[in-house]
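What follows is the content of start.cif, which has mmCIF, C-alpha atoms:
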data_my_file
loop_
_atom_site.label_atom_id
_atom_site.label_comp_id
_atom_site.auth_asym_id
_atom_site.auth_seq_id
_atom_site.Cartn_x
_atom_site.Cartn_y
_atom_site.Cartn_z
CA MET A 330 -133.06 -183.99 -26.15
CA SER A 331 -135.37 -182.75 -28.82
CA LYS A 332 -134.32 -182.97 -32.38
CA PRO A 333 -134.57 -179.67 -34.28
CA SER A 334 -137.22 -179.72 -36.89
CA LYS A 335 -135.93 -180.16 -40.41
CA LYS A 336 -137.88 -177.14 -41.57
CA THR A 337 -136.23 -174.85 -38.98
CA VAL A 338 -132.74 -176.09 -39.75
CA GLY A 339 -133.36 -175.75 -43.50
CA SER A 340 -134.60 -172.16 -43.23
CA SER A 341 -131.70 -171.09 -40.96
CA LYS A 342 -129.28 -172.58 -43.49
CA ARG A 343 -131.00 -170.67 -46.25
CA ARG A 344 -130.75 -167.47 -44.18
CA LEU A 345 -127.05 -168.13 -43.62
CA ASN A 346 -126.53 -168.79 -47.31
CA ARG A 347 -128.22 -165.50 -48.11
CA TRP A 348 -125.91 -163.69 -45.69
CA VAL A 349 -122.82 -165.35 -47.16
CA LEU A 350 -124.06 -164.51 -50.64
CA ALA A 351 -124.74 -160.89 -49.65
CA ILE A 352 -121.33 -160.47 -48.01
CA GLY A 353 -119.67 -162.12 -51.01
CA PHE A 354 -121.57 -159.81 -53.34
CA ILE A 355 -120.69 -156.70 -51.32
CA VAL A 356 -117.03 -157.69 -51.21
CA ILE A 357 -116.51 -159.15 -54.66
CA VAL A 358 -118.36 -156.61 -56.80
CA PRO A 359 -116.41 -153.53 -55.57
CA THR A 360 -113.18 -155.54 -55.78
CA VAL A 361 -113.80 -156.51 -59.39
CA PHE A 362 -114.86 -152.93 -60.16
CA LEU A 363 -111.72 -151.47 -58.59
CA PHE A 364 -109.44 -153.93 -60.35
CA ALA A 365 -111.15 -153.30 -63.67
CA LYS A 366 -110.83 -149.55 -63.09
CA SER A 367 -107.18 -149.67 -62.11
CA PHE A 368 -106.08 -151.95 -64.92
CA SER A 369 -108.06 -150.25 -67.66
CA PHE A 370 -106.34 -147.14 -68.97
CA ASP A 371 -107.92 -144.86 -71.48
CA LYS A 372 -106.37 -141.44 -71.59
CA GLU A 373 -109.33 -140.11 -73.56
CA PHE A 374 -111.42 -140.24 -70.40
CA ILE A 375 -108.93 -138.28 -68.29
CA GLU A 376 -110.07 -134.70 -68.20
CA SER A 377 -107.28 -132.15 -68.34
CA PRO A 378 -107.07 -129.95 -65.23
CA LEU A 379 -105.76 -127.19 -67.51
CA LEU A 380 -109.15 -126.55 -69.16
CA GLY A 381 -110.32 -123.01 -68.49
CA LYS A 382 -106.91 -122.02 -67.16
CA PRO A 383 -104.16 -119.89 -68.71
CA ALA A 384 -102.02 -121.92 -71.08
CA PRO A 385 -98.52 -122.43 -69.63
CA ASP A 386 -96.23 -119.99 -71.37
CA PHE A 387 -93.12 -121.15 -73.18
CA THR A 388 -90.43 -119.92 -75.50
CA LEU A 389 -89.17 -122.65 -77.80
CA THR A 390 -87.23 -122.68 -81.03
CA ASP A 391 -88.59 -124.12 -84.25
CA LEU A 392 -86.69 -126.34 -86.66
CA ASP A 393 -85.26 -123.23 -88.38
CA GLY A 394 -83.92 -121.86 -85.10
CA ASN A 395 -86.54 -119.12 -84.63
CA ALA A 396 -87.63 -118.55 -81.02
CA ILE A 397 -91.40 -118.51 -80.59
CA SER A 398 -93.10 -117.45 -77.40
CA LEU A 399 -96.71 -118.41 -76.71
CA SER A 400 -97.39 -115.18 -74.82
CA SER A 401 -96.32 -113.16 -77.88
CA LEU A 402 -99.25 -114.67 -79.78
CA ARG A 403 -101.84 -113.24 -77.37
CA GLY A 404 -104.72 -111.72 -79.31
CA LYS A 405 -105.34 -114.57 -81.71
CA PRO A 406 -106.46 -118.15 -81.11
CA VAL A 407 -103.67 -120.72 -81.00
CA VAL A 408 -103.89 -124.38 -81.92
CA LEU A 409 -101.11 -126.18 -80.10
CA ASN A 410 -100.49 -129.72 -81.30
CA PHE A 411 -98.09 -132.18 -79.64
CA TRP A 412 -97.14 -134.74 -82.24
CA ALA A 413 -94.51 -137.23 -83.39
CA SER A 414 -93.53 -138.84 -86.66
CA TYR A 415 -94.08 -142.36 -85.28
CA CYS A 416 -97.67 -141.68 -84.32
CA ALA A 417 -100.33 -142.98 -86.72
CA PRO A 418 -103.15 -140.62 -85.64
CA CYS A 419 -100.74 -137.73 -86.24
CA VAL A 420 -100.58 -138.80 -89.90
CA THR A 421 -104.38 -139.13 -89.93
CA GLU A 422 -104.98 -135.60 -88.62
CA HIS A 423 -102.25 -133.98 -90.71
CA PRO A 424 -104.57 -133.07 -93.66
CA THR A 425 -107.03 -131.52 -91.19
CA PHE A 426 -104.32 -129.23 -89.82
CA THR A 427 -102.99 -128.40 -93.29
CA ALA A 428 -106.46 -127.48 -94.54
CA ALA A 429 -107.27 -125.45 -91.39
CA ALA A 430 -103.97 -123.56 -91.57
CA GLU A 431 -104.70 -122.67 -95.19
CA PHE A 432 -108.32 -121.75 -94.44
CA TYR A 433 -107.74 -119.53 -91.40
CA GLN A 434 -104.29 -118.22 -92.42
CA ASP A 435 -103.33 -115.29 -90.14
CA GLN A 436 -106.50 -115.44 -88.06
CA VAL A 437 -105.25 -118.44 -86.12
CA GLN A 438 -101.73 -119.48 -85.11
CA PHE A 439 -100.98 -123.17 -85.55
CA LEU A 440 -98.04 -124.52 -83.55
CA GLY A 441 -96.66 -128.03 -83.48
CA VAL A 442 -94.50 -129.30 -80.62
CA ILE A 443 -92.33 -132.38 -81.12
CA TYR A 444 -93.11 -135.06 -78.56
CA GLN A 445 -90.30 -137.56 -77.84
CA ASP A 446 -88.98 -137.66 -81.39
CA THR A 447 -85.82 -136.74 -83.27
CA GLU A 448 -85.37 -133.72 -85.48
CA PRO A 449 -84.22 -135.70 -88.56
CA ARG A 450 -87.37 -137.82 -88.43
CA ILE A 451 -89.58 -134.76 -88.02
CA GLU A 452 -87.85 -133.04 -90.92
CA ALA A 453 -88.32 -136.13 -93.07
CA PHE A 454 -92.00 -136.20 -92.08
CA ASN A 455 -92.44 -132.54 -92.96
CA GLN A 456 -90.71 -133.06 -96.30
CA GLN A 457 -93.02 -135.95 -97.10
CA PHE A 458 -96.33 -134.47 -95.89
CA GLY A 459 -95.60 -130.73 -95.67
CA ALA A 460 -95.51 -128.57 -92.54
CA TRP A 461 -98.75 -126.77 -91.59
CA GLY A 462 -97.00 -124.45 -89.13
CA PRO A 463 -93.85 -123.94 -87.07
CA THR A 464 -92.56 -127.15 -85.51
CA LEU A 465 -91.15 -126.44 -82.06
CA ILE A 466 -88.42 -128.42 -80.34
CA ASP A 467 -89.16 -129.29 -76.71
CA PRO A 468 -85.83 -130.07 -75.01
CA GLY A 469 -86.31 -132.44 -72.08
CA GLY A 470 -90.03 -132.66 -72.76
CA LYS A 471 -90.69 -129.79 -70.35
CA ALA A 472 -93.49 -128.28 -72.42
CA ALA A 473 -95.11 -131.72 -72.69
CA ILE A 474 -95.00 -132.02 -68.90
CA ALA A 475 -96.36 -128.49 -68.42
CA TYR A 476 -99.30 -129.47 -70.65
CA GLY A 477 -99.75 -132.93 -69.10
CA ILE A 478 -99.26 -134.90 -72.31
CA TYR A 479 -100.04 -138.62 -72.08
CA GLY A 480 -99.10 -139.41 -75.68
CA PRO A 481 -99.29 -137.88 -79.14
CA PRO A 482 -101.32 -136.48 -80.67
CA GLU A 483 -102.85 -134.09 -78.18
CA THR A 484 -104.17 -130.72 -79.26
CA PHE A 485 -105.00 -127.64 -77.22
CA PHE A 486 -107.26 -124.87 -78.45
CA ILE A 487 -106.23 -121.62 -76.78
CA ASP A 488 -108.39 -118.52 -77.03
CA ARG A 489 -107.34 -114.92 -77.69
CA GLU A 490 -106.73 -114.31 -73.98
CA GLY A 491 -104.43 -117.30 -73.70
CA VAL A 492 -106.91 -119.57 -71.90
CA ILE A 493 -107.16 -123.25 -72.81
CA ARG A 494 -110.69 -123.89 -74.06
CA LEU A 495 -110.46 -127.44 -75.40
CA LYS A 496 -108.09 -130.37 -75.33
CA VAL A 497 -108.44 -133.07 -77.95
CA ILE A 498 -106.76 -136.41 -77.49
CA SER A 499 -106.12 -138.48 -80.64
CA ALA A 500 -106.72 -137.17 -84.17
CA VAL A 501 -108.74 -133.95 -84.46
CA HIS A 502 -111.84 -134.34 -86.62
CA PRO A 503 -112.11 -131.68 -89.39
CA ARG A 504 -115.59 -130.63 -88.23
CA LEU A 505 -114.44 -130.26 -84.61
CA MET A 506 -111.49 -128.17 -85.79
CA LYS A 507 -113.71 -125.77 -87.74
CA GLU A 508 -116.47 -125.51 -85.14
CA THR A 509 -113.97 -124.85 -82.37
CA LEU A 510 -112.01 -122.24 -84.27
CA ASP A 511 -115.16 -120.48 -85.48
CA ALA A 512 -116.27 -120.27 -81.84
CA LEU A 513 -112.90 -118.87 -80.77
CA LEU A 514 -112.76 -116.23 -83.51
CA MET X 891 -66.51 -83.47 -50.47
CA LEU X 892 -64.74 -86.75 -50.37
CA CYS X 893 -66.87 -87.71 -47.43
CA SER X 894 -70.14 -86.93 -49.20
CA ARG X 895 -69.01 -88.86 -52.33
CA HIS X 896 -68.11 -91.78 -50.13
CA LEU X 897 -71.54 -91.61 -48.51
CA ARG X 898 -73.24 -91.48 -51.91
CA GLN X 899 -71.25 -94.54 -53.03
CA SER X 900 -72.18 -96.38 -49.83
CA ALA X 901 -75.84 -95.51 -50.33
CA THR X 902 -75.67 -96.73 -53.92
CA TRP X 903 -74.14 -100.03 -52.82
CA THR X 904 -76.73 -100.37 -50.07
CA TRP X 905 -79.55 -99.84 -52.55
CA LEU X 906 -77.99 -102.34 -54.96
CA LEU X 907 -77.77 -104.89 -52.16
CA VAL X 908 -81.40 -104.27 -51.14
CA ILE X 909 -82.62 -104.57 -54.73
CA GLY X 910 -80.49 -107.69 -55.24
CA ALA X 911 -81.80 -109.31 -52.07
CA THR X 912 -85.37 -108.49 -53.05
CA PHE X 913 -85.34 -109.64 -56.65
CA LEU X 914 -82.66 -112.34 -56.79
CA PRO X 915 -84.82 -115.10 -55.26
CA GLY X 916 -87.56 -114.25 -57.75
CA ALA X 917 -85.04 -114.34 -60.56
CA LEU X 918 -83.88 -117.76 -59.40
CA VAL X 919 -87.46 -119.04 -59.36
CA ALA X 920 -88.03 -117.78 -62.84
CA GLN X 921 -84.68 -119.00 -64.13
CA ASP X 922 -86.19 -121.97 -65.92
CA ALA X 923 -89.26 -120.10 -66.82
CA ALA X 924 -87.86 -116.77 -67.85
CA PRO X 925 -90.21 -115.02 -70.26
CA GLY X 926 -88.10 -113.98 -73.19
CA GLY X 927 -85.51 -116.70 -72.61
CA LEU X 928 -85.94 -120.24 -73.87
CA GLY X 929 -87.91 -122.48 -71.59
CA VAL X 930 -91.29 -123.26 -70.13
CA VAL X 931 -93.10 -121.36 -67.41
CA ARG X 932 -93.99 -123.78 -64.66
CA GLN X 933 -96.95 -122.75 -62.56
CA ILE X 934 -95.49 -124.04 -59.33
CA GLY X 935 -94.66 -121.02 -57.14
CA LYS X 936 -91.51 -120.53 -55.11
CA PRO X 937 -89.37 -123.28 -53.57
CA GLU X 938 -90.29 -124.04 -49.96
CA SER X 939 -87.15 -125.98 -49.03
CA PRO X 940 -83.40 -125.43 -49.31
CA THR X 941 -81.66 -126.56 -52.47
CA ARG X 942 -80.59 -130.21 -52.61
CA SER X 943 -77.76 -132.12 -54.23
CA GLY X 944 -75.84 -135.38 -54.13
CA GLU X 945 -77.13 -138.47 -52.40
CA GLN X 946 -79.96 -136.63 -50.66
CA LEU X 947 -81.27 -135.39 -54.02
CA GLU X 948 -80.95 -138.85 -55.55
CA GLN X 949 -82.86 -140.47 -52.71
CA ILE X 950 -85.70 -137.97 -52.61
CA THR X 951 -85.99 -138.08 -56.42
CA GLU X 952 -86.48 -141.87 -56.22
CA GLU X 953 -89.09 -141.46 -53.49
CA VAL X 954 -91.11 -138.86 -55.39
CA SER X 955 -90.75 -140.71 -58.73
CA ALA X 956 -92.02 -143.91 -57.13
CA LYS X 957 -95.31 -142.19 -56.28
CA LEU X 958 -96.01 -140.69 -59.70
CA ARG X 959 -97.53 -142.67 -62.54
CA CYS X 960 -95.72 -143.06 -65.85
CA PRO X 961 -98.17 -141.52 -68.36
CA VAL X 962 -97.49 -144.02 -71.16
CA CYS X 963 -97.35 -147.21 -69.07
CA GLN X 964 -99.88 -149.54 -67.47
CA GLY X 965 -99.74 -148.97 -63.74
CA MET X 966 -95.99 -148.32 -63.56
CA SER X 967 -94.33 -145.57 -61.63
CA VAL X 968 -92.00 -142.99 -63.13
CA ALA X 969 -89.19 -144.58 -61.11
CA ASP X 970 -89.79 -148.05 -62.54
CA SER X 971 -90.50 -147.22 -66.16
CA PRO X 972 -87.72 -147.18 -68.76
CA SER X 973 -89.82 -145.12 -71.22
CA ALA X 974 -88.59 -141.79 -72.57
CA SER X 975 -91.61 -139.98 -71.12
CA ALA X 976 -90.92 -141.34 -67.65
CA ARG X 977 -87.24 -140.42 -67.95
CA ALA X 978 -88.21 -136.86 -68.88
CA MET X 979 -90.54 -136.70 -65.90
CA LYS X 980 -87.86 -138.04 -63.58
CA ASP X 981 -85.39 -135.42 -64.85
CA GLU X 982 -88.01 -132.74 -64.23
CA ILE X 983 -88.65 -134.07 -60.71
CA GLU X 984 -84.93 -134.07 -59.96
CA GLU X 985 -84.52 -130.54 -61.30
CA LEU X 986 -87.38 -129.21 -59.20
CA LEU X 987 -86.20 -130.95 -56.04
CA ALA X 988 -82.66 -129.68 -56.63
CA GLN X 989 -84.04 -126.14 -56.80
CA GLY X 990 -85.63 -126.60 -53.40
CA TYR X 991 -89.21 -127.48 -54.23
CA SER X 992 -90.77 -129.80 -51.68
CA PRO X 993 -92.10 -133.25 -52.66
CA ALA X 994 -95.62 -131.95 -52.02
CA GLN X 995 -95.03 -129.04 -54.42
CA VAL X 996 -93.67 -131.42 -57.07
CA ASN X 997 -96.69 -133.73 -56.70
CA GLN X 998 -98.99 -130.72 -56.85
CA TYR X 999 -97.30 -129.50 -60.04
CA PHE X 1000 -97.70 -132.83 -61.82
CA GLU X 1001 -101.27 -133.14 -60.60
CA SER X 1002 -102.02 -129.64 -61.89
CA THR X 1003 -100.94 -130.63 -65.40
CA TYR X 1004 -101.80 -134.35 -65.68
CA GLY X 1005 -104.69 -134.56 -63.25
CA GLU X 1006 -105.09 -136.73 -60.18
CA PHE X 1007 -104.55 -139.83 -62.33
CA VAL X 1008 -100.81 -139.17 -62.21
CA LEU X 1009 -100.73 -139.83 -58.47
CA LEU X 1010 -100.20 -143.52 -57.77
CA ASP X 1011 -101.54 -143.01 -54.25
CA PRO X 1012 -104.97 -141.45 -54.73
CA LYS X 1013 -105.88 -138.64 -52.35
CA ARG X 1014 -107.84 -139.61 -49.25
CA GLN X 1015 -111.08 -137.87 -50.20
CA GLY X 1016 -114.51 -138.60 -51.70
CA LEU X 1017 -114.86 -141.89 -53.57
CA ASN X 1018 -111.13 -142.49 -53.16
CA TRP X 1019 -111.88 -143.64 -49.63
CA LEU X 1020 -113.35 -146.74 -51.24
CA ILE X 1021 -109.93 -147.62 -52.63
CA TRP X 1022 -108.23 -147.03 -49.29
CA LEU X 1023 -110.82 -148.86 -47.19
CA ALA X 1024 -111.69 -151.70 -49.57
CA PRO X 1025 -108.76 -153.98 -48.62
CA GLY X 1026 -109.64 -153.73 -44.92
CA VAL X 1027 -113.36 -154.19 -45.60
CA ILE X 1028 -112.63 -157.20 -47.80
CA PHE X 1029 -110.32 -158.77 -45.21
CA PHE X 1030 -112.52 -158.23 -42.17
CA GLY X 1031 -115.70 -158.99 -44.13
CA GLY X 1032 -114.21 -162.29 -45.27
CA LEU X 1033 -112.99 -163.06 -41.75
CA ALA X 1034 -116.43 -162.30 -40.29
CA GLY X 1035 -118.04 -164.53 -42.93
CA VAL X 1036 -115.71 -167.43 -42.11
CA ILE X 1037 -116.37 -167.03 -38.36
CA VAL X 1038 -120.14 -166.93 -38.88
CA VAL X 1039 -120.08 -170.06 -41.04
CA MET X 1040 -117.81 -171.96 -38.65
CA ARG X 1041 -119.94 -171.06 -35.62
CA SER X 1042 -123.16 -172.06 -37.30
CA ARG X 1043 -121.63 -175.40 -38.33
CA ALA X 1044 -120.42 -176.04 -34.80
CA GLN X 1045 -123.87 -175.30 -33.33
CA ASP X 1046 -126.00 -177.19 -35.81
CA PRO X 1047 -126.41 -180.91 -35.04
CA PRO X 1048 -125.91 -183.19 -37.99
CA VAL X 1049 -129.28 -183.53 -39.62
CA ASP X 1050 -130.63 -185.26 -42.59
CA GLU X 1051 -130.94 -182.46 -45.05
CA ASP X 1052 -132.91 -184.46 -47.53
CA GLY X 1053 -136.46 -184.53 -46.19
CA ASP X 1054 -137.59 -187.00 -48.80
CA LEU X 1055 -134.89 -189.56 -48.05
CA ASP X 1056 -136.79 -191.47 -45.33
CA ALA X 1057 -139.90 -191.79 -47.45
CA TYR X 1058 -137.82 -192.90 -50.37
CA LEU X 1059 -135.95 -195.48 -48.26
CA ASP X 1060 -139.26 -196.80 -46.88
CA ARG X 1061 -140.43 -197.35 -50.39
CA VAL X 1062 -137.23 -199.15 -51.28
CA ARG X 1063 -137.48 -201.37 -48.20
CA ALA X 1064 -141.11 -202.07 -48.91
CA ARG X 1065 -140.13 -203.17 -52.40
CA VAL X 1066 -137.47 -205.55 -51.13
CA GLY X 1067 -139.85 -206.92 -48.49
CA THR X 1068 -138.25 -205.60 -45.33
CA HIS X 1069 -139.55 -203.23 -42.64
CA SER X 1070 -137.85 -200.00 -41.72
CA THR X 1071 -136.12 -200.18 -38.35
CA ARG X 1072 -135.17 -196.57 -38.40
CA GLU X 1073 -136.78 -194.24 -35.82
#
Target format structure tokens, applied to this file:
Amino acid sequence: MSKPSKKTVGSSKRRLNRWVLAIGFIVIVPTVFLFAKSFSFDKEFIESPLLGKPAPDFTLTDLDGNAISLSSLRGKPVVLNFWASYCAPCVTEHPTFTAAAEFYQDQVQFLGVIYQDTEPRIEAFNQQFGAWGPTLIDPGGKAAIAYGIYGPPETFFIDREGVIRLKVISAVHPRLMKETLDALL
Amino acid sequence: MLCSRHLRQSATWTWLLVIGATFLPGALVAQDAAPGGLGVVRQIGKPESPTRSGEQLEQITEEVSAKLRCPVCQGMSVADSPSASARAMKDEIEELLAQGYSPAQVNQYFESTYGEFVLLDPKRQGLNWLIWLAPGVIFFGGLAGVIVVMRSRAQDPPVDEDGDLDAYLDRVRARVGTHSTRE
């Protein structure tokens, strides 16, 4: 019985090792990628399916009891902001909204919708920082669901025809606010 | 005279019934979403199934909630999450199912507002196939790898992998004054 040459055995082992390595690579890399993808969660990278579509209509009451319907505001751009008193970026973006509401006045309608918060807290917030527009109550969070809200603040820029043109997650930058509204006007 | 009045009344009632039968279902669909009344217009269409209640509603609500992702959680379903957002979503799911919307319509509604991310079971299309097929590929790939390695080990005779060992041992033996007896 002839003994296999050491060179042949060594090279076949190396070939086998390469195969095992390749299979391991093909299996492990996608697995790690998929796990990393499924466990990482950044809502800022989730594109809203509502972009370019008509904004879901609603009729909600504000803190003073006035009913406001989105469809009744057709003809002027609307900035719809879902916010809460417990949300830090909402405090950050508050001056941006206040300044924009003062700057654009009747040209643009600014609407706030309370997201998972209580009226007394919202009223206290408005007393402390000032309200930049009507604050709407969303019973049962139905408006938040209709707009696919992941967490406050989320802001929708709706054009004159009632179509959603931009969704901003987290605090709105003052420059983005102005550039977007100038484009919508 | 009496007869003609009676006929007119019958015709009126018939027309009222026809109008009622035509527009009542639409009115029921729009009940939650009535423009002018308080509420939100859901872009979901008309219910495809009969209305549900009781244990059947509870069970189907759990099933649908278990397949939708809680938007404020890490990989938890609406059914499992205790968060306020998930509770609101579950209430909405229950309300829609009670009105007769099918589970597919409810999933479609949530997907149309939140995006596909809200579905815990990704759709079987495009790159999503990778997610569905990866476990099988990993399992069978690993199994094939193990079989290949075991077969190659069974076939290969035990060999001295270190080619330099004999030469080294000869040197050692030469140093200690003995001759190699190894073939």
Evaluating the PyMOL selection byres ((chain A and resi 395) around 12) on the displayed file yields which residues, as a list in words?
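Taken over the shown coordinates, the PyMOL selection byres ((chain A and resi 395) around 12) returns Thr388, Leu389, Thr390, Asp391, Leu392, Asp393, Gly394, Ala396, Ile397, Ser398, Pro463, Thr464, Leu465 and Ile466 of chain A; Leu928 of chain X.
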Can you spell out as a ChimeraX atom specification the set of residues that the PyMOL selection byres ((chain A and resi 416) around 12) selects in the structure I just provided?
/A:411-415,417-423,443-446,450-451,454,480-483,499-500
Taking the file as shown, find all residues satisfying the PyMOL selection byres ((chain X and resi 1009-1015) around 9) and write them as a short mmCIF file (atom, residue, chain, number, x, y, z; two decimals) with C-alpha atoms, keeping the file's coordinate frame.
data_model
loop_
_atom_site.label_atom_id
_atom_site.label_comp_id
_atom_site.auth_asym_id
_atom_site.auth_seq_id
_atom_site.Cartn_x
_atom_site.Cartn_y
_atom_site.Cartn_z
CA ALA X 956 -92.02 -143.91 -57.13
CA LYS X 957 -95.31 -142.19 -56.28
CA LEU X 958 -96.01 -140.69 -59.70
CA ARG X 959 -97.53 -142.67 -62.54
CA GLY X 965 -99.74 -148.97 -63.74
CA MET X 966 -95.99 -148.32 -63.56
CA SER X 967 -94.33 -145.57 -61.63
CA ASN X 997 -96.69 -133.73 -56.70
CA PHE X 1000 -97.70 -132.83 -61.82
CA GLU X 1001 -101.27 -133.14 -60.60
CA GLY X 1005 -104.69 -134.56 -63.25
CA GLU X 1006 -105.09 -136.73 -60.18
CA PHE X 1007 -104.55 -139.83 -62.33
CA VAL X 1008 -100.81 -139.17 -62.21
CA GLY X 1016 -114.51 -138.60 -51.70
CA LEU X 1017 -114.86 -141.89 -53.57
CA ASN X 1018 -111.13 -142.49 -53.16
CA TRP X 1019 -111.88 -143.64 -49.63
CA ILE X 1021 -109.93 -147.62 -52.63
CA TRP X 1022 -108.23 -147.03 -49.29
#
Closest of A:Lys471, A:Arg344, A:Gln438, A:Phe362 to chain X, counting only C-alpha atoms, is A:Lys471
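When only C-alpha atoms are used to compute distances to chain X, the closest of the residues A:Lys405, A:Lys507, A:Arg347, A:His502 turns out to be A:Arg347.
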Please identify every residue of chain X that has at least one atom no more than 6 Å from any atom of chain A, counting only C-alpha atoms, and report them as a PyMOL selection string.
chain X and resi 928-931+961+978+1003-1005+1028
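When all atoms listed in the file are used to compute distances to Lys496 in chain A, the closest of the residues A:Thr509, A:Thr484, A:Asn455, A:Gln434 turns out to be A:Thr484.
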d(CA of Leu513 in chain A, CA of Ser1002 in chain X) in Å
24.3 Å
Interatomic distance, CA of Leu510 in chain A to CA of Ala460 in chain A (Å, one decimal)
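It comes out at 19.5 Å.
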